[in-house]
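Notes for the one structure printed next.
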Amino acid sequence: MFSLHSKAFLEANIADFIIPSEKVAHVQRANTLEHALLVLTKSGYSSIPVLDPQFRLQGLISSSMITDSILGLEQIEFDQLDKKKVEEVMDTGFPTISLQTQFKKALKLLIDHPFLCVVDDEGLFEGIMTRRVILKQLNQNLHSAE
Ligand code: AMP
């Protein structure tokens, strides 16, 4: 495909590395925290995207954000799980990329983020790019270069 010695890897196409939206576990912003915790636990992922009914990306939610939001002064308030909504707790301050983003820019962002959400011009969610996919490709290139 391309070698580590060529510029091709750094100039690769984002589209070749994304997990498409239909394969990404997600929740809706109006879902309860209880539902989000179930999806997170069942999927085994620590953080997943939050979408609106039109499939536009709204935020990210993780188990620790949920636990943190139901921490009372002396105990965890489990009864809040079916009262609070995902939109009250989700993170909205994270970088996103598009299919046009330069691959090397995405690579740099992946240093601080385990995955990046890919959106189109209208904010429609297209999928995610994960560290695992990139490391897998790097590993393959390394072995084929040897
Ligand atoms: P990985 O690089 O495969 O370990 O994935 C890094 C992170 O990306 C995971 O911890 C999840 O937060 C997220 N992730 C990976 N694959 C999926 C998926 N299919 N659905 C939702 N989130 C995912």
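Following the order of the structure tokens, chains are lettered A, B, ..., residues in each are numbered from 1, and ligands are numbered from 1.
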Among chain A, which ones does DSSP place in strand (DSSP E or B), written as a VMD selection string?
chain A and resid 19 to 20 27 to 28 32 47 to 51 56 to 62 71 76 85 91 96 to 97 115 to 119 124 to 130
Per residue of region 85-119 of chain A within 10 Å of region 69-77 of chain A, note the shortest atom pair and the distance in Å to one decimal, counting only C-alpha atoms, and order the rows by chain and increasing residue number, as a tab-separated table.
```
residue	atom	partner	partner_atom	distance
A:Glu88	CA	A:Ser69	CA	9.0
A:Val89	CA	A:Ser69	CA	6.8
A:Met90	CA	A:Ser69	CA	10.0
```
Go ahead and dump the residues you just picked, all heavy atoms, as a JSON list (two decimals), in the first residue's frame.
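Result went into again-v5.json, see below:
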```
[["chain", "number", "residue", "atom", "x", "y", "z"],
["A", 88, "GLU", "N", -27.34, 16.81, 29.58],
["A", 88, "GLU", "CA", -26.94, 17.61, 30.74],
["A", 88, "GLU", "C", -25.51, 17.30, 31.17],
["A", 88, "GLU", "O", -24.91, 18.05, 31.93],
["A", 88, "GLU", "CB", -27.86, 17.29, 31.94],
["A", 88, "GLU", "CG", -29.32, 17.63, 31.72],
["A", 88, "GLU", "CD", -30.17, 17.08, 32.87],
["A", 88, "GLU", "OE1", -29.84, 17.33, 34.05],
["A", 88, "GLU", "OE2", -31.14, 16.35, 32.58],
["A", 89, "VAL", "N", -24.99, 16.20, 30.71],
["A", 89, "VAL", "CA", -23.72, 15.68, 31.23],
["A", 89, "VAL", "C", -22.62, 15.59, 30.18],
["A", 89, "VAL", "O", -21.44, 15.65, 30.49],
["A", 89, "VAL", "CB", -24.01, 14.28, 31.85],
["A", 89, "VAL", "CG1", -22.74, 13.57, 32.24],
["A", 89, "VAL", "CG2", -24.94, 14.40, 33.04],
["A", 90, "MET", "N", -23.04, 15.48, 28.90],
["A", 90, "MET", "CA", -22.05, 15.19, 27.83],
["A", 90, "MET", "C", -20.99, 16.29, 27.68],
["A", 90, "MET", "O", -21.22, 17.45, 28.03],
["A", 90, "MET", "CB", -22.78, 15.01, 26.49],
["A", 90, "MET", "CG", -23.45, 16.26, 25.98],
["A", 90, "MET", "SD", -24.44, 15.88, 24.52],
["A", 90, "MET", "CE", -25.02, 17.56, 24.13]]
```
Can you tell me which residues sit at most 8 Å away from ligand 1, counting only C-alpha atoms and all ligand atoms, written as a PyMOL selection string?
chain A and resi 19+23-26+43-49+62+114-116+128-133
Which residue of A:Asn141, A:Leu99, A:Ile134, A:Phe55 approaches Glu22 (chain A) most closely, using only C-alpha atoms
A:Phe55
Go through A:His35, A:Lys104, A:Lys84, A:Lys42 and flag the residue nearest Phe9 (chain A), using only C-alpha atoms for the distances.
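The shortest atom-to-atom distance to Phe9 (chain A) comes from A:Lys104.
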With distances taken over only C-alpha atoms, which residue among A:Pro53, A:Ala12, A:Cys117, A:Leu33 lies nearest Asp79 (chain A)?
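Comparing A:Pro53, A:Ala12, A:Cys117, A:Leu33 against Asp79 (chain A), the winner is A:Leu33.
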Between CA of Ile18 (chain A) and CA of Gln100 (chain A), what is the spacing in Å?
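Value for the CA of Gln100 (chain A)-CA of Ile18 (chain A) distance: 12.5 Å.
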Taking the chain letters and numbering used in this document, name the residues of region 29-140 of chain A that DSSP puts in helix (DSSP H, G or I), as number ranges by chain.
A: 33-43, 63-69, 78-82, 86-89, 103-109, 131-140
Output N, CA and C atoms of each residue in that selection to a file, as a short mmCIF file (atom, residue, chain, number, x, y, z; two decimals), in the first residue's frame.
```cif
data_model
loop_
_atom_site.label_atom_id
_atom_site.label_comp_id
_atom_site.auth_asym_id
_atom_site.auth_seq_id
_atom_site.Cartn_x
_atom_site.Cartn_y
_atom_site.Cartn_z
N LEU A 33 -29.37 8.94 31.56
CA LEU A 33 -28.03 8.46 31.91
C LEU A 33 -28.04 6.95 32.11
N GLU A 34 -29.16 6.42 32.58
CA GLU A 34 -29.26 4.97 32.79
C GLU A 34 -29.07 4.23 31.47
N HIS A 35 -29.75 4.73 30.42
CA HIS A 35 -29.63 4.11 29.10
C HIS A 35 -28.18 4.21 28.60
N ALA A 36 -27.59 5.41 28.78
CA ALA A 36 -26.20 5.61 28.30
C ALA A 36 -25.24 4.67 29.02
N LEU A 37 -25.46 4.50 30.32
CA LEU A 37 -24.58 3.61 31.10
C LEU A 37 -24.72 2.16 30.62
N LEU A 38 -25.94 1.79 30.27
CA LEU A 38 -26.17 0.44 29.73
C LEU A 38 -25.43 0.23 28.41
N VAL A 39 -25.53 1.23 27.52
CA VAL A 39 -24.87 1.11 26.21
C VAL A 39 -23.34 1.07 26.40
N LEU A 40 -22.84 1.95 27.28
CA LEU A 40 -21.39 1.97 27.52
C LEU A 40 -20.92 0.64 28.10
N THR A 41 -21.66 0.13 29.07
CA THR A 41 -21.26 -1.12 29.73
C THR A 41 -21.33 -2.29 28.76
N LYS A 42 -22.43 -2.38 28.02
CA LYS A 42 -22.62 -3.51 27.10
C LYS A 42 -21.62 -3.46 25.94
N SER A 43 -21.32 -2.25 25.46
CA SER A 43 -20.39 -2.15 24.31
C SER A 43 -18.95 -2.31 24.76
N SER A 63 -18.47 6.77 30.95
CA SER A 63 -18.96 6.25 32.24
C SER A 63 -18.52 7.18 33.37
N SER A 64 -17.31 7.71 33.28
CA SER A 64 -16.84 8.56 34.39
C SER A 64 -17.62 9.88 34.44
N MET A 65 -18.03 10.41 33.29
CA MET A 65 -18.86 11.63 33.31
C MET A 65 -20.19 11.34 34.01
N ILE A 66 -20.73 10.15 33.74
CA ILE A 66 -22.02 9.78 34.35
C ILE A 66 -21.86 9.62 35.86
N THR A 67 -20.84 8.87 36.27
CA THR A 67 -20.63 8.65 37.71
C THR A 67 -20.41 9.99 38.41
N ASP A 68 -19.59 10.83 37.79
CA ASP A 68 -19.29 12.12 38.39
C ASP A 68 -20.55 12.97 38.57
N SER A 69 -21.47 12.86 37.61
CA SER A 69 -22.67 13.71 37.67
C SER A 69 -23.69 13.24 38.72
N PHE A 78 -27.88 7.01 42.88
CA PHE A 78 -28.28 6.17 41.74
C PHE A 78 -29.66 6.52 41.19
N ASP A 79 -30.51 7.08 42.04
CA ASP A 79 -31.86 7.42 41.57
C ASP A 79 -31.83 8.53 40.50
N GLN A 80 -30.68 9.23 40.40
CA GLN A 80 -30.56 10.30 39.40
C GLN A 80 -30.36 9.73 37.98
N LEU A 81 -29.98 8.45 37.92
CA LEU A 81 -29.66 7.86 36.62
C LEU A 81 -30.83 7.91 35.63
N ASP A 82 -32.06 7.69 36.13
CA ASP A 82 -33.19 7.74 35.19
C ASP A 82 -33.88 9.11 35.19
N VAL A 86 -28.66 12.66 28.99
CA VAL A 86 -27.31 12.68 28.45
C VAL A 86 -26.86 14.11 28.14
N GLU A 87 -27.77 14.92 27.59
CA GLU A 87 -27.39 16.30 27.17
C GLU A 87 -26.94 17.17 28.35
N GLU A 88 -27.34 16.81 29.58
CA GLU A 88 -26.94 17.61 30.74
C GLU A 88 -25.51 17.30 31.17
N VAL A 89 -24.99 16.20 30.71
CA VAL A 89 -23.72 15.68 31.23
C VAL A 89 -22.62 15.59 30.18
N PHE A 103 -4.48 13.95 6.90
CA PHE A 103 -4.24 12.78 7.74
C PHE A 103 -3.26 13.09 8.87
N LYS A 104 -2.20 13.86 8.56
CA LYS A 104 -1.21 14.11 9.62
C LYS A 104 -1.78 14.99 10.73
N LYS A 105 -2.79 15.79 10.41
CA LYS A 105 -3.44 16.60 11.46
C LYS A 105 -4.24 15.67 12.39
N ALA A 106 -4.94 14.71 11.78
CA ALA A 106 -5.72 13.75 12.57
C ALA A 106 -4.77 12.93 13.47
N LEU A 107 -3.64 12.54 12.91
CA LEU A 107 -2.66 11.76 13.66
C LEU A 107 -2.22 12.52 14.91
N LYS A 108 -2.00 13.81 14.76
CA LYS A 108 -1.57 14.65 15.88
C LYS A 108 -2.67 14.72 16.95
N LEU A 109 -3.92 14.86 16.49
CA LEU A 109 -5.03 14.94 17.44
C LEU A 109 -5.21 13.63 18.22
N ARG A 131 -7.36 5.22 17.51
CA ARG A 131 -5.92 4.94 17.63
C ARG A 131 -5.61 3.54 17.16
N ARG A 132 -6.50 2.59 17.50
CA ARG A 132 -6.24 1.18 17.16
C ARG A 132 -6.07 0.99 15.65
N VAL A 133 -6.97 1.61 14.86
CA VAL A 133 -6.92 1.46 13.41
C VAL A 133 -5.60 2.01 12.86
N ILE A 134 -5.18 3.16 13.40
CA ILE A 134 -3.94 3.78 12.93
C ILE A 134 -2.72 2.94 13.35
N LEU A 135 -2.73 2.48 14.60
CA LEU A 135 -1.59 1.68 15.07
C LEU A 135 -1.49 0.37 14.29
N LYS A 136 -2.65 -0.20 13.95
CA LYS A 136 -2.68 -1.45 13.19
C LYS A 136 -2.03 -1.23 11.82
N GLN A 137 -2.41 -0.13 11.18
CA GLN A 137 -1.85 0.19 9.86
C GLN A 137 -0.34 0.46 9.95
N LEU A 138 0.05 1.21 10.98
CA LEU A 138 1.48 1.50 11.18
C LEU A 138 2.26 0.22 11.38
N ASN A 139 1.69 -0.67 12.17
CA ASN A 139 2.34 -1.95 12.46
C ASN A 139 2.52 -2.76 11.19
N GLN A 140 1.47 -2.80 10.35
CA GLN A 140 1.56 -3.54 9.08
C GLN A 140 2.65 -2.96 8.21
#
```
